[in-house]
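Text of data-v3.txt (compact mmCIF, C-alpha atoms) as supplied:
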```
# COMPACT_ATOMS: atom_id res chain seq x y z
CA MET A 812 89.25 -15.27 132.90
CA ASN A 813 91.86 -12.59 133.68
CA ARG A 814 93.76 -13.35 130.51
CA LYS A 815 90.59 -12.93 128.48
CA ILE A 816 89.90 -9.57 130.03
CA LEU A 817 93.47 -8.52 129.45
CA LEU A 818 93.25 -9.64 125.83
CA ALA A 819 89.97 -7.77 125.32
CA LEU A 820 91.41 -4.61 126.78
CA SER A 821 94.55 -4.80 124.70
CA LEU A 822 92.60 -5.39 121.54
CA SER A 823 90.31 -2.45 122.23
CA GLY A 824 93.31 -0.29 122.97
CA MET A 825 94.98 -1.31 119.75
CA ALA A 826 91.76 -0.77 117.83
CA THR A 827 91.47 2.72 119.24
CA VAL A 828 95.01 3.52 118.23
CA ALA A 829 94.43 1.98 114.83
CA LEU A 830 91.41 4.20 114.35
CA GLY A 831 93.51 7.29 114.85
CA GLY A 832 94.62 6.91 118.38
CA PRO A 833 93.41 8.22 121.63
CA ILE A 834 91.82 11.60 121.40
CA GLU A 835 94.89 13.53 122.45
CA ASP A 836 96.99 11.90 119.76
CA GLN A 837 94.53 12.77 117.04
CA ILE A 838 94.41 16.38 118.15
CA ARG A 839 98.19 16.59 118.41
CA PHE A 840 98.79 15.08 115.00
CA ARG A 841 96.35 17.33 113.23
CA GLN A 842 97.69 20.41 115.03
CA SER A 843 101.13 19.37 113.81
CA ALA A 844 99.77 18.88 110.30
CA TYR A 845 98.33 22.37 110.09
CA SER A 846 101.38 23.89 111.69
CA PHE A 847 103.60 22.25 109.09
CA ILE A 848 101.25 23.42 106.35
CA SER A 849 101.46 26.94 107.78
CA TRP A 850 105.27 26.92 107.49
CA ASN A 851 104.94 25.99 103.84
CA THR A 852 102.18 28.45 103.00
CA GLY A 853 104.33 31.09 104.66
CA LYS A 854 107.22 30.31 102.35
CA ILE A 855 105.02 30.46 99.29
CA LYS A 856 103.41 33.69 100.40
CA LYS A 857 106.76 35.34 100.97
CA GLN A 858 108.30 34.25 97.69
CA VAL A 859 105.28 34.63 95.46
CA VAL A 860 103.17 37.39 97.02
CA ASP A 861 105.22 39.62 99.32
CA GLN A 862 108.72 39.60 97.91
CA PRO A 863 108.77 38.06 94.44
CA ALA A 864 112.43 39.01 94.17
CA THR A 865 113.13 36.14 96.57
CA TYR A 866 111.27 33.61 94.42
CA ASN A 867 112.98 30.29 94.31
CA LYS A 868 111.21 27.91 91.96
CA GLU A 869 112.42 24.70 93.59
CA GLN A 870 111.49 25.80 97.07
CA VAL A 871 107.99 26.82 96.04
CA ILE A 872 107.54 23.49 94.28
CA ALA A 873 108.71 21.69 97.39
CA ALA A 874 106.41 23.74 99.61
CA ALA A 875 103.40 23.15 97.37
CA ASN A 876 104.16 19.43 97.27
CA ALA A 877 104.46 19.35 101.05
CA ILE A 878 101.10 21.02 101.47
CA ALA A 879 99.46 18.63 99.01
CA ALA A 880 101.09 15.65 100.69
CA VAL A 881 99.70 16.61 104.08
CA ALA A 882 96.31 17.37 102.59
CA ASN A 883 96.20 13.95 100.99
CA SER A 884 97.45 12.05 104.04
CA GLY A 885 94.00 11.08 105.27
CA LEU A 886 93.45 13.78 107.88
CA SER A 887 89.85 12.69 108.36
CA SER A 888 91.09 9.88 110.61
CA LEU A 889 92.31 12.56 113.00
CA TYR A 890 88.79 13.91 113.45
CA GLY A 891 87.37 10.98 115.33
CA PRO A 892 84.38 11.29 117.63
CA GLY A 893 85.04 13.18 120.81
CA THR A 894 88.01 15.10 119.44
CA ASP A 895 86.22 18.40 119.92
CA GLN A 896 87.37 18.22 123.51
CA GLY A 897 90.89 17.63 124.63
CA THR A 898 94.40 18.84 124.33
CA GLY A 899 97.10 17.98 121.83
CA TRP A 900 99.95 20.47 121.83
CA ARG A 901 97.29 22.90 123.04
CA PRO A 902 93.54 22.71 123.62
CA THR A 903 91.72 21.87 120.43
CA GLN A 904 89.82 24.61 118.65
CA LEU A 905 87.51 22.23 116.81
CA LYS A 906 83.88 23.20 117.20
CA SER A 907 81.36 20.52 118.12
CA GLU A 908 79.35 21.59 115.09
CA PHE A 909 81.89 19.72 113.00
CA PHE A 910 80.25 16.47 114.02
CA GLN A 911 76.75 17.79 113.41
CA LYS A 912 77.52 18.78 109.83
CA PRO A 913 79.62 15.97 108.40
CA GLU A 914 78.61 16.71 104.81
CA GLU A 915 79.69 20.33 105.10
CA ALA A 916 82.93 19.25 106.77
CA ARG A 917 83.61 16.82 103.98
CA ARG A 918 82.88 19.41 101.32
CA LEU A 919 85.28 21.91 102.89
CA ALA A 920 87.98 19.29 103.36
CA VAL A 921 87.73 18.14 99.77
CA ALA A 922 87.87 21.76 98.60
CA PHE A 923 91.11 22.19 100.53
CA ASN A 924 92.62 19.04 99.08
CA THR A 925 91.59 19.99 95.56
CA ALA A 926 93.10 23.46 95.89
CA ALA A 927 96.30 22.05 97.35
CA ASN A 928 96.63 19.53 94.53
CA GLU A 929 96.07 22.26 91.97
CA LEU A 930 98.75 24.42 93.58
CA ALA A 931 101.21 21.54 93.43
CA ARG A 932 100.31 21.10 89.78
CA VAL A 933 100.85 24.78 88.96
CA ALA A 934 104.05 25.31 90.95
CA PRO A 935 106.45 23.69 88.43
CA SER A 936 105.28 26.09 85.72
CA GLY A 937 107.22 28.94 87.34
CA ASP A 938 104.35 31.25 86.38
CA LEU A 939 104.21 33.62 89.35
CA ASP A 940 100.80 35.01 88.48
CA ALA A 941 99.23 31.58 88.19
CA ILE A 942 100.86 30.41 91.40
CA LYS A 943 99.75 33.54 93.21
CA THR A 944 96.17 33.11 92.00
CA GLN A 945 96.01 29.48 93.01
CA PHE A 946 97.63 30.29 96.36
CA GLY A 947 94.84 32.80 96.95
CA LYS A 948 92.26 30.13 96.23
CA LEU A 949 93.99 27.74 98.58
CA SER A 950 93.89 30.26 101.41
CA GLU A 951 90.17 30.71 100.80
CA THR A 952 89.66 27.02 101.47
CA CYS A 953 91.60 27.30 104.72
CA LYS A 954 89.34 30.12 105.72
CA GLY A 955 86.22 28.22 104.70
CA CYS A 956 86.79 25.54 107.26
CA HIS A 957 88.09 27.95 109.91
CA ASN A 958 85.03 30.15 109.65
CA ASN A 959 82.70 27.22 110.12
CA PHE A 960 84.42 24.82 112.45
CA ARG A 961 87.29 26.53 114.21
CA GLN A 962 86.61 28.22 117.50
CA ARG A 963 87.62 31.82 117.78
CA ASP A 964 90.17 32.32 120.54
CA MET B 1123 65.74 96.14 115.37
CA SER B 1124 64.65 92.93 113.80
CA ALA B 1125 65.33 89.61 115.43
CA ILE B 1126 67.58 87.34 113.47
CA ARG B 1127 66.20 83.85 113.19
CA ILE B 1128 68.78 81.25 112.41
CA ASP B 1129 67.01 78.48 110.61
CA THR B 1130 69.85 76.29 109.51
CA VAL B 1131 73.22 76.13 111.10
CA ARG B 1132 76.36 74.67 109.62
CA VAL B 1133 77.17 72.17 112.31
CA TRP B 1134 79.31 69.54 110.67
CA ASP B 1135 82.29 70.85 108.80
CA LEU B 1136 83.46 69.27 105.57
CA PRO B 1137 86.46 67.37 106.96
CA LEU B 1138 84.21 65.87 109.61
CA ARG B 1139 81.62 64.78 107.10
CA ILE B 1140 84.21 63.28 104.80
CA PHE B 1141 85.69 61.50 107.79
CA HIS B 1142 82.31 60.07 108.77
CA TRP B 1143 81.38 58.70 105.39
CA LEU B 1144 84.89 57.40 104.61
CA LEU B 1145 84.75 55.57 107.92
CA VAL B 1146 81.38 54.03 107.02
CA LEU B 1147 82.77 52.72 103.73
CA ALA B 1148 86.03 51.61 105.33
CA ILE B 1149 84.31 49.64 108.09
CA ALA B 1150 82.03 47.93 105.57
CA ALA B 1151 85.01 47.07 103.38
CA ALA B 1152 87.00 45.89 106.37
CA TYR B 1153 84.18 43.57 107.37
CA VAL B 1154 83.86 42.06 103.90
CA THR B 1155 87.60 41.61 103.34
CA GLY B 1156 88.09 40.29 106.84
CA GLU B 1157 85.32 37.74 106.74
CA PHE B 1158 85.43 36.45 103.18
CA GLY B 1159 87.93 35.73 100.48
CA GLY B 1160 91.46 34.41 100.59
CA SER B 1161 94.87 35.87 101.13
CA GLU B 1162 94.37 38.59 98.53
CA TRP B 1163 91.38 40.02 100.38
CA ALA B 1164 93.24 39.63 103.66
CA GLN B 1165 95.93 41.95 102.29
CA TRP B 1166 93.23 44.50 101.52
CA HIS B 1167 91.82 44.05 105.00
CA GLY B 1168 95.19 45.15 106.33
CA ARG B 1169 95.34 48.20 104.06
CA ILE B 1170 91.82 49.23 105.01
CA GLY B 1171 92.78 48.87 108.66
CA TRP B 1172 95.62 51.26 107.93
CA LEU B 1173 93.12 53.72 106.42
CA ILE B 1174 90.85 53.41 109.45
CA LEU B 1175 93.79 54.06 111.75
CA GLY B 1176 94.57 57.22 109.83
CA LEU B 1177 90.93 58.31 109.93
CA LEU B 1178 90.75 57.77 113.68
CA LEU B 1179 93.94 59.69 114.28
CA PHE B 1180 92.59 62.49 112.13
CA ARG B 1181 89.36 62.57 114.14
CA LEU B 1182 91.25 62.72 117.41
CA ILE B 1183 93.34 65.63 116.21
CA TRP B 1184 90.33 67.32 114.66
CA GLY B 1185 88.54 66.94 117.95
CA VAL B 1186 91.15 69.27 119.37
CA ILE B 1187 91.81 71.76 116.58
CA GLY B 1188 88.77 71.41 114.35
CA SER B 1189 85.63 73.46 114.06
CA TRP B 1190 83.60 74.28 117.14
CA HIS B 1191 81.14 71.43 116.94
CA ALA B 1192 83.84 68.92 116.13
CA ARG B 1193 85.78 69.61 119.30
CA PHE B 1194 85.32 67.01 121.97
CA ALA B 1195 85.55 69.64 124.67
CA ASN B 1196 82.41 71.24 123.28
CA PHE B 1197 80.13 68.26 123.16
CA LEU B 1198 81.41 65.52 125.39
CA PRO B 1199 78.74 65.10 127.98
CA THR B 1200 79.06 65.49 131.67
CA PRO B 1201 76.61 63.57 133.83
CA ALA B 1202 74.80 66.85 134.44
CA ARG B 1203 74.29 67.41 130.72
CA VAL B 1204 73.00 63.90 130.23
CA ILE B 1205 70.51 64.26 133.03
CA ALA B 1206 69.42 67.63 131.73
CA TYR B 1207 68.89 66.14 128.28
CA VAL B 1208 66.84 63.27 129.57
CA ARG B 1209 64.75 65.81 131.44
CA GLY B 1210 64.25 67.70 128.21
CA GLU B 1211 66.25 70.68 129.39
CA TRP B 1212 69.27 70.42 127.11
CA GLN B 1213 69.64 73.06 124.44
CA GLY B 1214 72.20 72.87 121.73
CA VAL B 1215 72.72 72.27 118.08
CA GLY B 1216 75.46 69.72 117.76
CA HIS B 1217 75.36 66.29 119.27
CA ASN B 1218 72.98 66.04 122.16
CA PRO B 1219 74.53 64.30 125.19
CA LEU B 1220 73.22 60.85 124.24
CA GLY B 1221 74.47 61.30 120.71
CA ALA B 1222 77.79 62.37 122.15
CA LEU B 1223 77.97 59.23 124.26
CA SER B 1224 77.39 57.13 121.17
CA VAL B 1225 80.19 58.98 119.38
CA VAL B 1226 82.50 58.11 122.23
CA ALA B 1227 81.36 54.49 122.26
CA LEU B 1228 81.73 54.05 118.50
CA LEU B 1229 85.12 55.75 118.33
CA ALA B 1230 86.36 53.71 121.27
CA LEU B 1231 85.18 50.44 119.72
CA VAL B 1232 86.67 51.18 116.31
CA THR B 1233 89.93 52.14 118.03
CA ALA B 1234 89.90 48.87 119.95
CA GLN B 1235 89.31 46.98 116.71
CA VAL B 1236 92.25 48.65 115.00
CA ALA B 1237 94.48 48.27 118.04
CA THR B 1238 93.83 44.54 118.39
CA GLY B 1239 94.03 44.10 114.64
CA LEU B 1240 97.61 45.39 114.60
CA PHE B 1241 98.61 42.32 116.59
CA ALA B 1242 96.26 39.79 115.02
CA SER B 1243 96.94 36.89 112.70
CA ASP B 1244 94.66 34.61 110.72
CA ASP B 1245 96.92 31.58 111.13
CA ILE B 1246 96.88 31.11 107.38
CA ALA B 1247 98.92 33.66 105.54
CA PHE B 1248 98.17 37.07 106.95
CA ALA B 1249 99.29 38.85 110.09
CA GLY B 1250 99.16 42.42 111.36
CA PRO B 1251 102.28 44.58 111.40
CA LEU B 1252 102.91 44.14 115.12
CA SER B 1253 101.85 40.53 115.38
CA ASN B 1254 105.22 39.22 116.43
CA TRP B 1255 105.95 41.89 118.98
CA ILE B 1256 104.17 40.20 121.86
CA GLY B 1257 104.59 36.54 120.95
CA LYS B 1258 102.23 34.05 119.38
CA SER B 1259 99.95 33.21 122.29
CA ALA B 1260 99.34 36.88 123.09
CA SER B 1261 98.76 37.52 119.41
CA ASP B 1262 96.22 34.67 119.40
CA ARG B 1263 94.43 36.19 122.34
CA LEU B 1264 94.25 39.61 120.72
CA THR B 1265 93.06 37.97 117.51
CA GLY B 1266 90.20 36.50 119.50
CA TRP B 1267 89.38 39.93 120.91
CA HIS B 1268 89.53 41.41 117.43
CA GLU B 1269 86.91 38.89 116.40
CA GLN B 1270 84.71 39.43 119.46
CA ILE B 1271 84.90 43.22 119.51
CA PHE B 1272 83.52 43.22 116.00
CA TYR B 1273 80.21 41.90 117.28
CA VAL B 1274 79.98 44.61 119.92
CA LEU B 1275 80.86 47.24 117.33
CA ALA B 1276 78.25 45.84 114.96
CA GLY B 1277 75.68 46.06 117.73
CA PHE B 1278 76.49 49.71 118.36
CA ILE B 1279 76.38 50.47 114.65
CA VAL B 1280 72.91 48.93 114.48
CA LEU B 1281 71.91 51.04 117.46
CA HIS B 1282 73.35 54.10 115.75
CA VAL B 1283 71.31 53.43 112.61
CA VAL B 1284 68.16 52.72 114.61
CA ALA B 1285 68.61 55.99 116.48
CA ILE B 1286 69.00 57.91 113.24
CA ALA B 1287 65.91 56.19 111.89
CA PHE B 1288 64.04 57.12 115.06
CA TYR B 1289 65.03 60.76 114.64
CA LEU B 1290 64.01 60.66 111.02
CA LEU B 1291 60.67 58.93 111.37
CA VAL B 1292 59.49 59.99 114.80
CA ARG B 1293 61.23 63.26 115.55
CA LYS B 1294 61.09 64.32 111.87
CA SER B 1295 64.70 65.38 112.05
CA ASN B 1296 66.78 64.30 109.07
CA LEU B 1297 70.20 63.67 110.49
CA ILE B 1298 71.41 61.81 107.42
CA ALA B 1299 70.97 64.94 105.34
CA ALA B 1300 72.63 66.89 108.13
CA MET B 1301 75.70 64.67 107.95
CA ILE B 1302 75.85 65.18 104.19
CA THR B 1303 75.23 68.90 103.92
CA GLY B 1304 76.48 69.78 107.35
CA ASN B 1305 73.41 71.86 108.00
CA LYS B 1306 71.11 71.07 110.84
CA PRO B 1307 67.70 72.65 110.70
CA GLY B 1308 66.60 74.06 113.95
CA SER B 1309 65.81 77.37 115.40
CA GLY B 1310 67.53 79.16 118.15
CA ALA B 1311 71.10 78.20 117.54
CA LEU B 1312 72.88 79.44 120.56
CA GLN B 1313 76.43 79.26 119.41
CA ALA B 1314 77.20 81.87 116.85
CA TRP B 1315 80.07 80.44 115.03
CA THR B 1316 82.68 82.48 113.35
CA GLU B 1317 85.28 80.22 111.99
CA LYS B 1318 88.83 80.95 111.22
CA PRO B 1319 89.76 79.20 107.99
CA LEU B 1320 89.72 75.46 108.48
CA ALA B 1321 91.88 74.57 105.52
CA TRP B 1322 95.25 74.99 107.21
CA ARG B 1323 94.17 73.10 110.30
CA PHE B 1324 92.79 70.34 108.12
CA LEU B 1325 96.14 69.99 106.34
CA VAL B 1326 97.99 69.83 109.63
CA ALA B 1327 95.62 67.24 111.06
CA ALA B 1328 95.67 65.13 107.89
CA LEU B 1329 99.45 65.20 107.68
CA VAL B 1330 100.03 64.26 111.28
CA ALA B 1331 97.46 61.46 111.06
CA ALA B 1332 98.97 60.10 107.86
CA THR B 1333 102.51 60.24 109.22
CA VAL B 1334 101.74 58.50 112.49
CA SER B 1335 99.71 55.74 110.89
CA TRP B 1336 102.35 55.21 108.22
CA TRP B 1337 104.96 54.94 110.94
CA ILE B 1338 102.96 52.30 112.79
CA PHE B 1339 102.34 50.28 109.66
CA SER B 1340 105.95 50.41 108.56
CA SER B 1341 106.98 48.47 111.61
CA PRO B 1342 110.23 46.62 111.14
CA PRO B 1343 109.73 43.10 109.77
CA SER B 1344 110.97 41.59 113.02
CA LEU B 1345 107.82 42.80 114.73
CA GLN B 1346 105.59 41.12 112.22
CA ALA B 1347 105.01 37.39 112.40
CA GLU B 1348 106.84 36.15 109.39
CA ALA B 1349 107.27 32.90 107.65
CA ALA B 1350 110.18 30.94 108.98
CA ALA B 1351 113.01 31.44 106.58
CA ALA B 1352 113.31 29.10 103.67
CA PRO B 1353 116.70 27.41 103.45
CA ALA B 1354 119.41 29.23 101.55
CA ALA B 1355 119.38 28.37 97.90
CA THR B 1356 122.64 26.45 98.19
CA ALA B 1357 121.55 24.19 101.06
CA ASP B 1358 121.45 20.56 100.09
CA TRP B 1359 119.14 19.40 102.84
```
This entry written out as structure tokens:
Amino acid sequence: MNRKILLALSLSGMATVALGGPIEDQIRFRQSAYSFISWNTGKIKKQVVDQPATYNKEQVIAAANAIAAVANSGLSSLYGPGTDQGTGWRPTQLKSEFFQKPEEARRLAVAFNTAANELARVAPSGDLDAIKTQFGKLSETCKGCHNNFRQRD
Amino acid sequence: MSAIRIDTVRVWDLPLRIFHWLLVLAIAAAYVTGEFGGSEWAQWHGRIGWLILGLLLFRLIWGVIGSWHARFANFLPTPARVIAYVRGEWQGVGHNPLGALSVVALLALVTAQVATGLFASDDIAFAGPLSNWIGKSASDRLTGWHEQIFYVLAGFIVLHVVAIAFYLLVRKSNLIAAMITGNKPGSGALQAWTEKPLAWRFLVAALVAATVSWWIFSSPPSLQAEAAAAPAATADW
């Protein structure tokens, strides 16, 4: 009897982790994801928008690829139920509305992924204007989700 | 001896009127560029904030050296004046005490917006010129205030517009025209107003305002939250 209970508990625990992990893990991983994206968008912004004299084609390609890679890594599994409360590296800023508007959330997430993929596609061209334009569009998608589902401080 | 009836009085000088309407446009533009669009519009949001800072500084200076009705000392209300106005006993041509209070409130709120904006960041690709000066968590907090204060400011702007509409429709006093032409119809102006030329004082005020706001916005890069450095071109990892 005890072994069965133990087995059931372990399996549920493993299932929870498999689904994206306990709530705190999900929050922490997605906070890390966006933080890493922010480092890369910062590099692109500096080299393509603010100080084009510092433009380094390989680094911008790498940054764009990194952003696209994170975008395409299946972040939706880090937005499991209940993750609007809890603390990862810091308390989550996800609004509860996220779970009430799953279609909207999906639309915004797909828009982000699409923009990130396009940026990664454009980066190897070395065309600063095109990269700058697409970077602008990417930042709009960030803002789209933030405006709807990210709590203001 | 014939009595002189003053029917219209030049109350709002030209610099003041230009300031007012530029501020209206700037705040509208700041709202749009702050709320919508991507990193390009965010850059404009910053520049417009710079403009608003300059306008505010100008107004502060003008409130000291400007024309009579522009000077804060001449219209800022004391409790006594407010009470007198509510009792219907206030006489004047410029801002009545309640109007004066709303000027103070609006200027204070816009100043708070600009001040918090200097330290704010959108966590995407845009940050104010002083955003790194106080560290990330403080910058986050001020960003939150920058977002909240906007709602209070918007509320006061609505109140301002409603009050103007009230004066227009109920009191039959067209204050919009007054803020365009500078002339306020009304008899019995008590303050005869001989003005020394304003042009020199305007230049001084404009120059000081422009210089100070430029100085704030040219903060050294170390004060502004900046992208972590990319590796040197020769690094192989």
Based on all atoms listed in the file, which of the residues in chain B come within 6 Å of chain A? I want them as a PDB file with C-alpha atoms, in the frame of the given file.
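Contents of the output file iface-v1.pdb:
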```
ATOM      1  CA  GLY B1159      87.930  35.730 100.480  1.00  0.00           C
ATOM      2  CA  GLY B1160      91.460  34.410 100.590  1.00  0.00           C
ATOM      3  CA  SER B1161      94.870  35.870 101.130  1.00  0.00           C
ATOM      4  CA  GLY B1266      90.200  36.500 119.500  1.00  0.00           C
ATOM      5  CA  ALA B1349     107.270  32.900 107.650  1.00  0.00           C
TER       6      ALA B1349
END
```
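Proximity ranking of A:Glu915, A:Asp895, A:Asp938, A:Glu908 relative to Gln837 in chain A places A:Asp895 first, based on only C-alpha atoms.
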Quiz prompt | Top pick for closest residue to Gly893 in chain A, considering A:Val881, A:Leu930, A:Val921, A:Ile834 and counting only C-alpha atoms | solution = A:Ile834
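One finds CA of Leu939 in chain A at 13.2 Å from CA of Ala875 in chain A.
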Mind checking which residues fall within 12 Å of Leu886 in chain A, counting only C-alpha atoms, ignoring those fewer than 6 positions away in the same chain, and posting them as a PDB file with C-alpha atoms, keeping the file's coordinate frame?
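To be explicit, this is the file written out as around-v5.pdb:
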```
ATOM      1  CA  LEU A 830      91.410   4.200 114.350  1.00  0.00           C
ATOM      2  CA  GLY A 831      93.510   7.290 114.850  1.00  0.00           C
ATOM      3  CA  GLN A 837      94.530  12.770 117.040  1.00  0.00           C
ATOM      4  CA  ILE A 838      94.410  16.380 118.150  1.00  0.00           C
ATOM      5  CA  ARG A 839      98.190  16.590 118.410  1.00  0.00           C
ATOM      6  CA  PHE A 840      98.790  15.080 115.000  1.00  0.00           C
ATOM      7  CA  ARG A 841      96.350  17.330 113.230  1.00  0.00           C
ATOM      8  CA  GLN A 842      97.690  20.410 115.030  1.00  0.00           C
ATOM      9  CA  SER A 843     101.130  19.370 113.810  1.00  0.00           C
ATOM     10  CA  ALA A 844      99.770  18.880 110.300  1.00  0.00           C
ATOM     11  CA  TYR A 845      98.330  22.370 110.090  1.00  0.00           C
ATOM     12  CA  ALA A 879      99.460  18.630  99.010  1.00  0.00           C
ATOM     13  CA  ALA A 880     101.090  15.650 100.690  1.00  0.00           C
ATOM     14  CA  ALA A 916      82.930  19.250 106.770  1.00  0.00           C
ATOM     15  CA  ARG A 917      83.610  16.820 103.980  1.00  0.00           C
ATOM     16  CA  ALA A 920      87.980  19.290 103.360  1.00  0.00           C
ATOM     17  CA  VAL A 921      87.730  18.140  99.770  1.00  0.00           C
ATOM     18  CA  PHE A 923      91.110  22.190 100.530  1.00  0.00           C
ATOM     19  CA  ASN A 924      92.620  19.040  99.080  1.00  0.00           C
TER      20      ASN A 924
END
```
Quiz item: Within 9 Å of Ala1285 in chain B, counting all atoms listed in the file, which residues qualify if same-chain residues fewer than 5 places away don't, as a ChimeraX atom specification?
Solution: /B:1221,1280,1290
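From CA of Gly1277 in chain B back to CA of Trp1163 in chain B, the distance works out to 24.2 Å.
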Self-check item: Shortest interatomic distance to Thr1303 in chain B - which of B:Tyr1207, B:Leu1329, B:Leu1136, B:Asn1218, counting all atoms listed in the file
Solution: B:Leu1136
Exercise. Rank A:Arg932, A:Lys815, A:Ala882, A:Pro892 by their smallest atom-to-atom distance to Phe910 in chain A, using all atoms listed in the file, and report the top residue only.
Key: A:Pro892
